[in-house]
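Content type mmCIF, N, CA and C atoms, from the file my_file12.cif:
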```cif
data_data
#
loop_
_atom_site.label_atom_id
_atom_site.label_comp_id
_atom_site.auth_asym_id
_atom_site.auth_seq_id
_atom_site.Cartn_x
_atom_site.Cartn_y
_atom_site.Cartn_z
N MET A 1 -2.31 14.83 -16.39
CA MET A 1 -2.31 13.45 -16.01
C MET A 1 -1.44 12.64 -16.96
N ASN A 2 -0.74 11.71 -16.45
CA ASN A 2 0.14 10.88 -17.25
C ASN A 2 -0.67 9.78 -17.92
N HIS A 3 -0.58 9.72 -19.25
CA HIS A 3 -1.36 8.74 -20.02
C HIS A 3 -0.92 7.31 -19.70
N GLN A 4 0.38 7.09 -19.51
CA GLN A 4 0.86 5.74 -19.24
C GLN A 4 0.39 5.24 -17.87
N SER A 5 0.34 6.10 -16.86
CA SER A 5 -0.16 5.67 -15.54
C SER A 5 -1.65 5.38 -15.60
N ASP A 6 -2.39 6.12 -16.45
CA ASP A 6 -3.82 5.82 -16.63
C ASP A 6 -4.01 4.45 -17.25
N MET A 7 -3.14 4.08 -18.18
CA MET A 7 -3.24 2.78 -18.84
C MET A 7 -2.93 1.67 -17.84
N GLN A 8 -2.00 1.90 -16.90
CA GLN A 8 -1.65 0.87 -15.92
C GLN A 8 -2.75 0.69 -14.89
N ASP A 9 -3.49 1.74 -14.55
CA ASP A 9 -4.52 1.66 -13.54
C ASP A 9 -5.73 0.87 -14.00
N THR A 10 -6.00 0.89 -15.30
CA THR A 10 -7.15 0.15 -15.81
C THR A 10 -6.65 -1.08 -16.55
N ALA A 11 -7.12 -2.23 -16.13
CA ALA A 11 -6.71 -3.47 -16.78
C ALA A 11 -7.68 -3.78 -17.91
N GLU A 12 -7.12 -4.20 -19.03
CA GLU A 12 -7.98 -4.57 -20.15
C GLU A 12 -8.59 -5.94 -19.90
N HIS A 13 -9.72 -6.19 -20.55
CA HIS A 13 -10.38 -7.48 -20.37
C HIS A 13 -9.68 -8.51 -21.25
N VAL A 14 -9.32 -9.62 -20.64
CA VAL A 14 -8.69 -10.72 -21.36
C VAL A 14 -9.74 -11.81 -21.52
N PRO A 15 -10.04 -12.24 -22.74
CA PRO A 15 -11.04 -13.29 -22.94
C PRO A 15 -10.61 -14.60 -22.28
N PHE A 16 -11.59 -15.41 -21.91
CA PHE A 16 -11.33 -16.66 -21.17
C PHE A 16 -10.40 -17.59 -21.94
N GLU A 17 -10.66 -17.84 -23.20
CA GLU A 17 -9.84 -18.79 -23.96
C GLU A 17 -8.39 -18.32 -24.05
N GLU A 18 -8.19 -17.02 -24.23
CA GLU A 18 -6.83 -16.49 -24.27
C GLU A 18 -6.15 -16.65 -22.90
N PHE A 19 -6.91 -16.41 -21.83
CA PHE A 19 -6.38 -16.59 -20.49
C PHE A 19 -6.00 -18.05 -20.25
N ARG A 20 -6.89 -18.95 -20.63
CA ARG A 20 -6.66 -20.38 -20.40
C ARG A 20 -5.44 -20.89 -21.15
N GLN A 21 -5.25 -20.40 -22.37
CA GLN A 21 -4.12 -20.86 -23.17
C GLN A 21 -2.82 -20.18 -22.76
N GLY A 22 -2.89 -18.93 -22.34
CA GLY A 22 -1.68 -18.18 -22.02
C GLY A 22 -1.19 -18.32 -20.60
N LEU A 23 -2.03 -18.77 -19.69
CA LEU A 23 -1.64 -18.88 -18.28
C LEU A 23 -0.48 -19.85 -18.07
N PRO A 24 -0.48 -21.05 -18.65
CA PRO A 24 0.65 -21.96 -18.42
C PRO A 24 1.98 -21.44 -18.98
N GLN A 25 1.92 -20.58 -20.00
CA GLN A 25 3.14 -20.04 -20.59
C GLN A 25 3.63 -18.78 -19.90
N GLY A 26 2.90 -18.30 -18.91
CA GLY A 26 3.31 -17.11 -18.18
C GLY A 26 3.01 -15.81 -18.91
N CYS A 27 1.99 -15.82 -19.76
CA CYS A 27 1.65 -14.61 -20.52
C CYS A 27 0.89 -13.59 -19.70
N PHE A 28 0.42 -13.98 -18.52
CA PHE A 28 -0.41 -13.09 -17.72
C PHE A 28 0.11 -13.00 -16.29
N ARG A 29 -0.15 -11.85 -15.70
CA ARG A 29 0.12 -11.63 -14.28
C ARG A 29 -1.23 -11.58 -13.60
N VAL A 30 -1.46 -12.51 -12.67
CA VAL A 30 -2.75 -12.63 -12.01
C VAL A 30 -2.61 -12.13 -10.58
N VAL A 31 -3.48 -11.21 -10.19
CA VAL A 31 -3.50 -10.68 -8.83
C VAL A 31 -4.84 -11.06 -8.21
N VAL A 32 -4.78 -11.78 -7.10
CA VAL A 32 -5.98 -12.24 -6.42
C VAL A 32 -6.09 -11.54 -5.08
N ASN A 33 -7.26 -10.99 -4.78
CA ASN A 33 -7.54 -10.39 -3.48
C ASN A 33 -7.89 -11.53 -2.52
N PRO A 34 -7.00 -11.85 -1.55
CA PRO A 34 -7.22 -13.02 -0.70
C PRO A 34 -8.49 -12.93 0.15
N ALA A 35 -8.84 -11.75 0.61
CA ALA A 35 -10.04 -11.60 1.44
C ALA A 35 -11.30 -11.88 0.64
N LEU A 36 -11.37 -11.32 -0.56
CA LEU A 36 -12.52 -11.56 -1.41
C LEU A 36 -12.52 -12.97 -1.97
N ALA A 37 -11.34 -13.52 -2.22
CA ALA A 37 -11.24 -14.87 -2.77
C ALA A 37 -11.78 -15.91 -1.81
N ALA A 38 -11.53 -15.74 -0.52
CA ALA A 38 -12.02 -16.71 0.47
C ALA A 38 -13.54 -16.78 0.46
N ALA A 39 -14.19 -15.64 0.45
CA ALA A 39 -15.65 -15.62 0.42
C ALA A 39 -16.18 -16.14 -0.92
N PHE A 40 -15.53 -15.77 -2.02
CA PHE A 40 -15.98 -16.19 -3.34
C PHE A 40 -15.87 -17.71 -3.50
N VAL A 41 -14.72 -18.27 -3.12
CA VAL A 41 -14.51 -19.71 -3.26
C VAL A 41 -15.43 -20.48 -2.33
N SER A 42 -15.61 -19.97 -1.13
CA SER A 42 -16.51 -20.63 -0.18
C SER A 42 -17.93 -20.69 -0.73
N GLN A 43 -18.38 -19.60 -1.32
CA GLN A 43 -19.73 -19.57 -1.88
C GLN A 43 -19.80 -20.44 -3.13
N ARG A 44 -18.79 -20.38 -3.97
CA ARG A 44 -18.81 -21.11 -5.24
C ARG A 44 -18.74 -22.63 -5.04
N THR A 45 -18.03 -23.08 -4.02
CA THR A 45 -17.87 -24.51 -3.79
C THR A 45 -18.87 -25.06 -2.77
N CYS A 46 -19.75 -24.20 -2.26
CA CYS A 46 -20.74 -24.60 -1.24
C CYS A 46 -20.06 -25.19 -0.01
N ALA A 47 -18.94 -24.62 0.39
CA ALA A 47 -18.17 -25.12 1.52
C ALA A 47 -18.88 -24.90 2.85
N MET A 48 -19.55 -23.78 3.00
CA MET A 48 -20.22 -23.49 4.27
C MET A 48 -21.35 -24.48 4.56
N PRO A 49 -22.27 -24.74 3.62
CA PRO A 49 -23.30 -25.74 3.91
C PRO A 49 -22.71 -27.13 4.19
N LEU A 50 -21.63 -27.47 3.49
CA LEU A 50 -21.00 -28.76 3.73
C LEU A 50 -20.37 -28.81 5.12
N ALA A 51 -19.72 -27.72 5.51
CA ALA A 51 -19.12 -27.68 6.85
C ALA A 51 -20.19 -27.78 7.93
N ILE A 52 -21.30 -27.09 7.73
CA ILE A 52 -22.40 -27.17 8.70
C ILE A 52 -22.97 -28.58 8.74
N ALA A 53 -23.05 -29.22 7.57
CA ALA A 53 -23.55 -30.59 7.50
C ALA A 53 -22.62 -31.57 8.22
N LEU A 54 -21.37 -31.23 8.36
CA LEU A 54 -20.43 -32.08 9.11
C LEU A 54 -20.42 -31.72 10.59
N ILE A 55 -20.38 -30.44 10.89
CA ILE A 55 -20.24 -29.99 12.29
C ILE A 55 -21.52 -30.26 13.09
N GLY A 56 -22.67 -29.92 12.53
CA GLY A 56 -23.93 -30.09 13.26
C GLY A 56 -24.18 -31.51 13.73
N PRO A 57 -24.20 -32.47 12.81
CA PRO A 57 -24.40 -33.86 13.25
C PRO A 57 -23.25 -34.36 14.12
N GLY A 58 -22.05 -33.86 13.88
CA GLY A 58 -20.91 -34.27 14.71
C GLY A 58 -21.11 -33.87 16.15
N ILE A 59 -21.61 -32.66 16.38
CA ILE A 59 -21.90 -32.22 17.75
C ILE A 59 -23.02 -33.05 18.35
N ALA A 60 -24.05 -33.31 17.55
CA ALA A 60 -25.17 -34.11 18.04
C ALA A 60 -24.73 -35.52 18.42
N VAL A 61 -23.93 -36.14 17.58
CA VAL A 61 -23.45 -37.50 17.86
C VAL A 61 -22.56 -37.50 19.10
N ALA A 62 -21.70 -36.48 19.22
CA ALA A 62 -20.82 -36.40 20.39
C ALA A 62 -21.62 -36.22 21.67
N LEU A 63 -22.66 -35.37 21.62
CA LEU A 63 -23.49 -35.17 22.81
C LEU A 63 -24.36 -36.38 23.13
N ALA A 64 -24.61 -37.21 22.12
CA ALA A 64 -25.41 -38.42 22.33
C ALA A 64 -24.57 -39.55 22.94
N GLY A 65 -23.30 -39.29 23.15
CA GLY A 65 -22.48 -40.29 23.83
C GLY A 65 -21.48 -41.00 22.95
N HIS A 66 -21.26 -40.53 21.74
CA HIS A 66 -20.29 -41.16 20.84
C HIS A 66 -19.25 -40.14 20.38
N PRO A 67 -18.39 -39.70 21.29
CA PRO A 67 -17.42 -38.65 20.93
C PRO A 67 -16.38 -39.11 19.90
N TRP A 68 -16.13 -40.40 19.82
CA TRP A 68 -15.13 -40.88 18.85
C TRP A 68 -15.66 -40.83 17.42
N ILE A 69 -16.97 -40.71 17.26
CA ILE A 69 -17.56 -40.55 15.93
C ILE A 69 -17.82 -39.06 15.66
N GLY A 70 -18.35 -38.37 16.67
CA GLY A 70 -18.71 -36.96 16.51
C GLY A 70 -17.50 -36.04 16.40
N GLY A 71 -16.45 -36.34 17.16
CA GLY A 71 -15.25 -35.50 17.16
C GLY A 71 -14.62 -35.36 15.78
N PRO A 72 -14.39 -36.49 15.08
CA PRO A 72 -13.82 -36.35 13.74
C PRO A 72 -14.72 -35.61 12.75
N LEU A 73 -16.04 -35.74 12.91
CA LEU A 73 -16.95 -34.99 12.03
C LEU A 73 -16.81 -33.48 12.25
N VAL A 74 -16.76 -33.08 13.51
CA VAL A 74 -16.58 -31.66 13.84
C VAL A 74 -15.22 -31.18 13.33
N ALA A 75 -14.19 -31.98 13.55
CA ALA A 75 -12.85 -31.61 13.09
C ALA A 75 -12.80 -31.49 11.56
N ALA A 76 -13.49 -32.39 10.87
CA ALA A 76 -13.52 -32.33 9.40
C ALA A 76 -14.20 -31.06 8.90
N GLY A 77 -15.29 -30.66 9.56
CA GLY A 77 -15.97 -29.43 9.17
C GLY A 77 -15.11 -28.20 9.40
N ILE A 78 -14.44 -28.16 10.54
CA ILE A 78 -13.55 -27.03 10.84
C ILE A 78 -12.36 -27.02 9.89
N LEU A 79 -11.80 -28.18 9.61
CA LEU A 79 -10.67 -28.28 8.69
C LEU A 79 -11.06 -27.87 7.27
N LEU A 80 -12.27 -28.20 6.86
CA LEU A 80 -12.76 -27.79 5.55
C LEU A 80 -12.80 -26.27 5.44
N ARG A 81 -13.38 -25.62 6.43
CA ARG A 81 -13.47 -24.15 6.41
C ARG A 81 -12.08 -23.52 6.42
N TRP A 82 -11.17 -24.06 7.23
CA TRP A 82 -9.81 -23.53 7.33
C TRP A 82 -9.08 -23.69 6.00
N SER A 83 -9.20 -24.86 5.38
CA SER A 83 -8.49 -25.10 4.13
C SER A 83 -9.02 -24.23 2.99
N ILE A 84 -10.31 -23.98 2.97
CA ILE A 84 -10.88 -23.09 1.95
C ILE A 84 -10.35 -21.67 2.17
N ARG A 85 -10.32 -21.23 3.41
CA ARG A 85 -9.87 -19.87 3.71
C ARG A 85 -8.40 -19.68 3.35
N THR A 86 -7.54 -20.64 3.69
CA THR A 86 -6.12 -20.46 3.44
C THR A 86 -5.71 -20.75 2.00
N GLY A 87 -6.42 -21.63 1.33
CA GLY A 87 -6.07 -21.98 -0.03
C GLY A 87 -6.92 -21.32 -1.09
N ALA A 88 -7.71 -20.33 -0.71
CA ALA A 88 -8.65 -19.71 -1.64
C ALA A 88 -8.00 -19.14 -2.90
N PRO A 89 -6.88 -18.43 -2.83
CA PRO A 89 -6.29 -17.91 -4.07
C PRO A 89 -5.91 -19.02 -5.06
N ARG A 90 -5.32 -20.10 -4.56
CA ARG A 90 -4.95 -21.21 -5.45
C ARG A 90 -6.18 -21.91 -6.01
N ILE A 91 -7.18 -22.10 -5.16
CA ILE A 91 -8.42 -22.75 -5.61
C ILE A 91 -9.11 -21.89 -6.66
N LEU A 92 -9.15 -20.58 -6.42
CA LEU A 92 -9.78 -19.66 -7.37
C LEU A 92 -9.07 -19.71 -8.72
N LEU A 93 -7.76 -19.68 -8.71
CA LEU A 93 -7.00 -19.73 -9.96
C LEU A 93 -7.26 -21.05 -10.70
N HIS A 94 -7.34 -22.14 -9.96
CA HIS A 94 -7.65 -23.44 -10.56
C HIS A 94 -9.03 -23.44 -11.20
N LEU A 95 -10.03 -22.95 -10.47
CA LEU A 95 -11.39 -22.90 -10.99
C LEU A 95 -11.51 -21.95 -12.18
N ALA A 96 -10.86 -20.80 -12.09
CA ALA A 96 -10.96 -19.79 -13.15
C ALA A 96 -10.30 -20.25 -14.44
N ALA A 97 -9.28 -21.08 -14.34
CA ALA A 97 -8.61 -21.57 -15.54
C ALA A 97 -9.41 -22.66 -16.23
N ARG A 98 -10.41 -23.21 -15.55
CA ARG A 98 -11.17 -24.31 -16.12
C ARG A 98 -12.64 -24.01 -16.40
N MET A 99 -13.19 -23.00 -15.74
CA MET A 99 -14.62 -22.70 -15.88
C MET A 99 -14.81 -21.24 -16.31
N PRO A 100 -15.36 -21.01 -17.49
CA PRO A 100 -15.54 -19.63 -17.96
C PRO A 100 -16.42 -18.80 -17.03
N SER A 101 -17.43 -19.39 -16.42
CA SER A 101 -18.32 -18.62 -15.55
C SER A 101 -17.58 -18.12 -14.31
N VAL A 102 -16.71 -18.95 -13.75
CA VAL A 102 -15.92 -18.52 -12.58
C VAL A 102 -14.97 -17.41 -12.98
N TYR A 103 -14.31 -17.56 -14.14
CA TYR A 103 -13.39 -16.53 -14.62
C TYR A 103 -14.10 -15.20 -14.80
N GLU A 104 -15.25 -15.22 -15.45
CA GLU A 104 -15.99 -13.97 -15.69
C GLU A 104 -16.47 -13.34 -14.39
N GLN A 105 -16.98 -14.14 -13.47
CA GLN A 105 -17.44 -13.59 -12.19
C GLN A 105 -16.29 -13.04 -11.37
N ALA A 106 -15.19 -13.77 -11.30
CA ALA A 106 -14.06 -13.33 -10.48
C ALA A 106 -13.43 -12.05 -11.02
N THR A 107 -13.27 -11.96 -12.33
CA THR A 107 -12.68 -10.74 -12.89
C THR A 107 -13.68 -9.59 -12.89
N GLY A 108 -14.95 -9.90 -13.06
CA GLY A 108 -15.97 -8.85 -13.08
C GLY A 108 -16.25 -8.23 -11.73
N HIS A 109 -16.05 -8.99 -10.66
CA HIS A 109 -16.33 -8.49 -9.31
C HIS A 109 -15.09 -8.06 -8.54
N GLY A 110 -13.95 -8.02 -9.20
CA GLY A 110 -12.73 -7.53 -8.56
C GLY A 110 -12.06 -8.53 -7.63
N VAL A 111 -12.43 -9.77 -7.70
CA VAL A 111 -11.79 -10.79 -6.86
C VAL A 111 -10.42 -11.14 -7.45
N MET A 112 -10.34 -11.13 -8.76
CA MET A 112 -9.12 -11.49 -9.46
C MET A 112 -8.89 -10.50 -10.58
N GLU A 113 -7.64 -10.10 -10.77
CA GLU A 113 -7.29 -9.18 -11.85
C GLU A 113 -6.26 -9.85 -12.74
N VAL A 114 -6.49 -9.80 -14.02
CA VAL A 114 -5.58 -10.43 -14.98
C VAL A 114 -4.97 -9.33 -15.84
N ARG A 115 -3.65 -9.30 -15.86
CA ARG A 115 -2.93 -8.33 -16.70
C ARG A 115 -1.95 -9.08 -17.57
N ARG A 116 -1.70 -8.53 -18.73
CA ARG A 116 -0.71 -9.13 -19.61
C ARG A 116 0.67 -8.95 -18.97
N ALA A 117 1.49 -9.98 -19.04
CA ALA A 117 2.83 -9.91 -18.49
C ALA A 117 3.69 -9.00 -19.36
N ASP A 118 4.59 -8.28 -18.74
CA ASP A 118 5.48 -7.40 -19.45
C ASP A 118 6.61 -8.25 -20.05
N PRO A 119 6.69 -8.34 -21.39
CA PRO A 119 7.73 -9.21 -21.98
C PRO A 119 9.14 -8.73 -21.66
N ALA A 120 9.33 -7.43 -21.49
CA ALA A 120 10.66 -6.91 -21.17
C ALA A 120 11.07 -7.32 -19.76
N ALA A 121 10.10 -7.35 -18.83
CA ALA A 121 10.44 -7.74 -17.46
C ALA A 121 10.76 -9.22 -17.37
N ALA A 122 10.18 -10.03 -18.24
CA ALA A 122 10.45 -11.46 -18.22
C ALA A 122 11.88 -11.77 -18.67
N LEU A 123 12.45 -10.90 -19.50
CA LEU A 123 13.81 -11.13 -19.99
C LEU A 123 14.88 -10.71 -18.98
N ARG A 124 14.53 -9.88 -18.02
CA ARG A 124 15.51 -9.39 -17.03
C ARG A 124 15.86 -10.44 -16.04
#
```
Re-express the file's structure as structure tokens.
Amino acid sequence: MNHQSDMQDTAEHVPFEEFRQGLPQGCFRVVVNPALAAAFVSQRTCAMPLAIALIGPGIAVALAGHPWIGGPLVAAGILLRWSIRTGAPRILLHLAARMPSVYEQATGHGVMEVRRADPAAALR
């Protein structure tokens, strides 16, 4: 087995403070799993309960005869879910750079992987 390929397959743990300070300077390469990130961010930001809180009453108000009030509520709930799903990697990176608990959970559960940037590749 090649020792160098073994080293590349396993990422070392980068402490939160080092990550937070080195991220703006490009010291790290961050890989985010978009499928896992969408579920993680949705759960972490409580987006699903908020979307239900918008969609449910919106449907009720629309069925009660006020579609101009209910329609935008339903649309806002759907738009919230869509925006969380499509922007999850960016949202996750934002949260992870500011909250140690999010960083530890995301890296510990395989949602996000942080590797040190190759200084030689940055010069090319």
Would you give me, as number ranges by chain, the residues in segment 2-97 of chain A that DSSP reads as alpha helix (DSSP H)? A: 3-9, 16-22, 34-44, 47-63, 67-97
May I ask which of the residues A:Ile84, A:Ser101, A:Leu95, A:Gly108 is the closest one to Ser42 of chain A, counting all atoms listed in the file? A:Ile84
What does the distance from atom C of Gly87 of chain A to atom C of Ala37 of chain A come to in Å, to one decimal?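 That distance, rounded to one decimal, is 7.3 Å.
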Which polymer residues have any atom within 8 Å of an atom of segment 78-80 of chain A, counting all atoms listed in the file, with same-chain residues fewer than 2 positions away left out, as a count of residues only? 17
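What separates atom N of Gln105 of chain A from atom CA of Phe28 of chain A is a distance of 17.1 Å.
Interatomic distance, atom N of Met112 of chain A to atom CA of Val32 of chain A: 5.1 Å.
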Strand (DSSP E) residues, from DSSP on the backbone, in chain A, as a list in words: Phe28, Arg29, Val30, Val31, Val32, Met112, Glu113, Val114, Arg115 and Arg116 of chain A
Can you spit out the residues from that selection as an mmCIF file, in the coordinates of the input, using N, CA and C atoms?
```
data_model
loop_
_atom_site.group_PDB
_atom_site.id
_atom_site.type_symbol
_atom_site.label_atom_id
_atom_site.label_comp_id
_atom_site.auth_asym_id
_atom_site.auth_seq_id
_atom_site.Cartn_x
_atom_site.Cartn_y
_atom_site.Cartn_z
ATOM 1 N N PHE A 28 0.420 -13.980 -18.520
ATOM 2 C CA PHE A 28 -0.410 -13.090 -17.720
ATOM 3 C C PHE A 28 0.110 -13.000 -16.290
ATOM 4 N N ARG A 29 -0.150 -11.850 -15.700
ATOM 5 C CA ARG A 29 0.120 -11.630 -14.280
ATOM 6 C C ARG A 29 -1.230 -11.580 -13.600
ATOM 7 N N VAL A 30 -1.460 -12.510 -12.670
ATOM 8 C CA VAL A 30 -2.750 -12.630 -12.010
ATOM 9 C C VAL A 30 -2.610 -12.130 -10.580
ATOM 10 N N VAL A 31 -3.480 -11.210 -10.190
ATOM 11 C CA VAL A 31 -3.500 -10.680 -8.830
ATOM 12 C C VAL A 31 -4.840 -11.060 -8.210
ATOM 13 N N VAL A 32 -4.780 -11.780 -7.100
ATOM 14 C CA VAL A 32 -5.980 -12.240 -6.420
ATOM 15 C C VAL A 32 -6.090 -11.540 -5.080
ATOM 16 N N MET A 112 -10.340 -11.130 -8.760
ATOM 17 C CA MET A 112 -9.120 -11.490 -9.460
ATOM 18 C C MET A 112 -8.890 -10.500 -10.580
ATOM 19 N N GLU A 113 -7.640 -10.100 -10.770
ATOM 20 C CA GLU A 113 -7.290 -9.180 -11.850
ATOM 21 C C GLU A 113 -6.260 -9.850 -12.740
ATOM 22 N N VAL A 114 -6.490 -9.800 -14.020
ATOM 23 C CA VAL A 114 -5.580 -10.430 -14.980
ATOM 24 C C VAL A 114 -4.970 -9.330 -15.840
ATOM 25 N N ARG A 115 -3.650 -9.300 -15.860
ATOM 26 C CA ARG A 115 -2.930 -8.330 -16.700
ATOM 27 C C ARG A 115 -1.950 -9.080 -17.570
ATOM 28 N N ARG A 116 -1.700 -8.530 -18.730
ATOM 29 C CA ARG A 116 -0.710 -9.130 -19.610
ATOM 30 C C ARG A 116 0.670 -8.950 -18.970
#
```
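Among A:Leu36, A:Ile91, A:Pro49, A:Cys27, the residue with the shortest atom-to-atom distance to Gly110 of chain A, counting only N, CA and C atoms, is A:Leu36.
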Expanded to explicit residues, what is the PyMOL selection byres ((chain A and resi 59) around 8) for this file, as a VMD selection string? chain A and resid 54 to 58 60 to 65 69 to 71 73 to 75
Keeping only N, CA and C atoms, write those residues as an mmCIF file, in the coordinates of the input.
```cif
data_model
loop_
_atom_site.group_PDB
_atom_site.id
_atom_site.type_symbol
_atom_site.label_atom_id
_atom_site.label_comp_id
_atom_site.auth_asym_id
_atom_site.auth_seq_id
_atom_site.Cartn_x
_atom_site.Cartn_y
_atom_site.Cartn_z
ATOM 1 N N LEU A 54 -21.370 -31.230 8.360
ATOM 2 C CA LEU A 54 -20.430 -32.080 9.110
ATOM 3 C C LEU A 54 -20.420 -31.720 10.590
ATOM 4 N N ILE A 55 -20.380 -30.440 10.890
ATOM 5 C CA ILE A 55 -20.240 -29.990 12.290
ATOM 6 C C ILE A 55 -21.520 -30.260 13.090
ATOM 7 N N GLY A 56 -22.670 -29.920 12.530
ATOM 8 C CA GLY A 56 -23.930 -30.090 13.260
ATOM 9 C C GLY A 56 -24.180 -31.510 13.730
ATOM 10 N N PRO A 57 -24.200 -32.470 12.810
ATOM 11 C CA PRO A 57 -24.400 -33.860 13.250
ATOM 12 C C PRO A 57 -23.250 -34.360 14.120
ATOM 13 N N GLY A 58 -22.050 -33.860 13.880
ATOM 14 C CA GLY A 58 -20.910 -34.270 14.710
ATOM 15 C C GLY A 58 -21.110 -33.870 16.150
ATOM 16 N N ALA A 60 -24.050 -33.310 17.550
ATOM 17 C CA ALA A 60 -25.170 -34.110 18.040
ATOM 18 C C ALA A 60 -24.730 -35.520 18.420
ATOM 19 N N VAL A 61 -23.930 -36.140 17.580
ATOM 20 C CA VAL A 61 -23.450 -37.500 17.860
ATOM 21 C C VAL A 61 -22.560 -37.500 19.100
ATOM 22 N N ALA A 62 -21.700 -36.480 19.220
ATOM 23 C CA ALA A 62 -20.820 -36.400 20.390
ATOM 24 C C ALA A 62 -21.620 -36.220 21.670
ATOM 25 N N LEU A 63 -22.660 -35.370 21.620
ATOM 26 C CA LEU A 63 -23.490 -35.170 22.810
ATOM 27 C C LEU A 63 -24.360 -36.380 23.130
ATOM 28 N N ALA A 64 -24.610 -37.210 22.120
ATOM 29 C CA ALA A 64 -25.410 -38.420 22.330
ATOM 30 C C ALA A 64 -24.570 -39.550 22.940
ATOM 31 N N GLY A 65 -23.300 -39.290 23.150
ATOM 32 C CA GLY A 65 -22.480 -40.290 23.830
ATOM 33 C C GLY A 65 -21.480 -41.000 22.950
ATOM 34 N N ILE A 69 -16.970 -40.710 17.260
ATOM 35 C CA ILE A 69 -17.560 -40.550 15.930
ATOM 36 C C ILE A 69 -17.820 -39.060 15.660
ATOM 37 N N GLY A 70 -18.350 -38.370 16.670
ATOM 38 C CA GLY A 70 -18.710 -36.960 16.510
ATOM 39 C C GLY A 70 -17.500 -36.040 16.400
ATOM 40 N N GLY A 71 -16.450 -36.340 17.160
ATOM 41 C CA GLY A 71 -15.250 -35.500 17.160
ATOM 42 C C GLY A 71 -14.620 -35.360 15.780
ATOM 43 N N LEU A 73 -16.040 -35.740 12.910
ATOM 44 C CA LEU A 73 -16.950 -34.990 12.030
ATOM 45 C C LEU A 73 -16.810 -33.480 12.250
ATOM 46 N N VAL A 74 -16.760 -33.080 13.510
ATOM 47 C CA VAL A 74 -16.580 -31.660 13.840
ATOM 48 C C VAL A 74 -15.220 -31.180 13.330
ATOM 49 N N ALA A 75 -14.190 -31.980 13.550
ATOM 50 C CA ALA A 75 -12.850 -31.610 13.090
ATOM 51 C C ALA A 75 -12.800 -31.490 11.560
#
```
Phe16 of chain A proximity check over A:Arg29, A:Arg90, A:Met99, A:Ala38, using only C-alpha atoms: winner is A:Met99
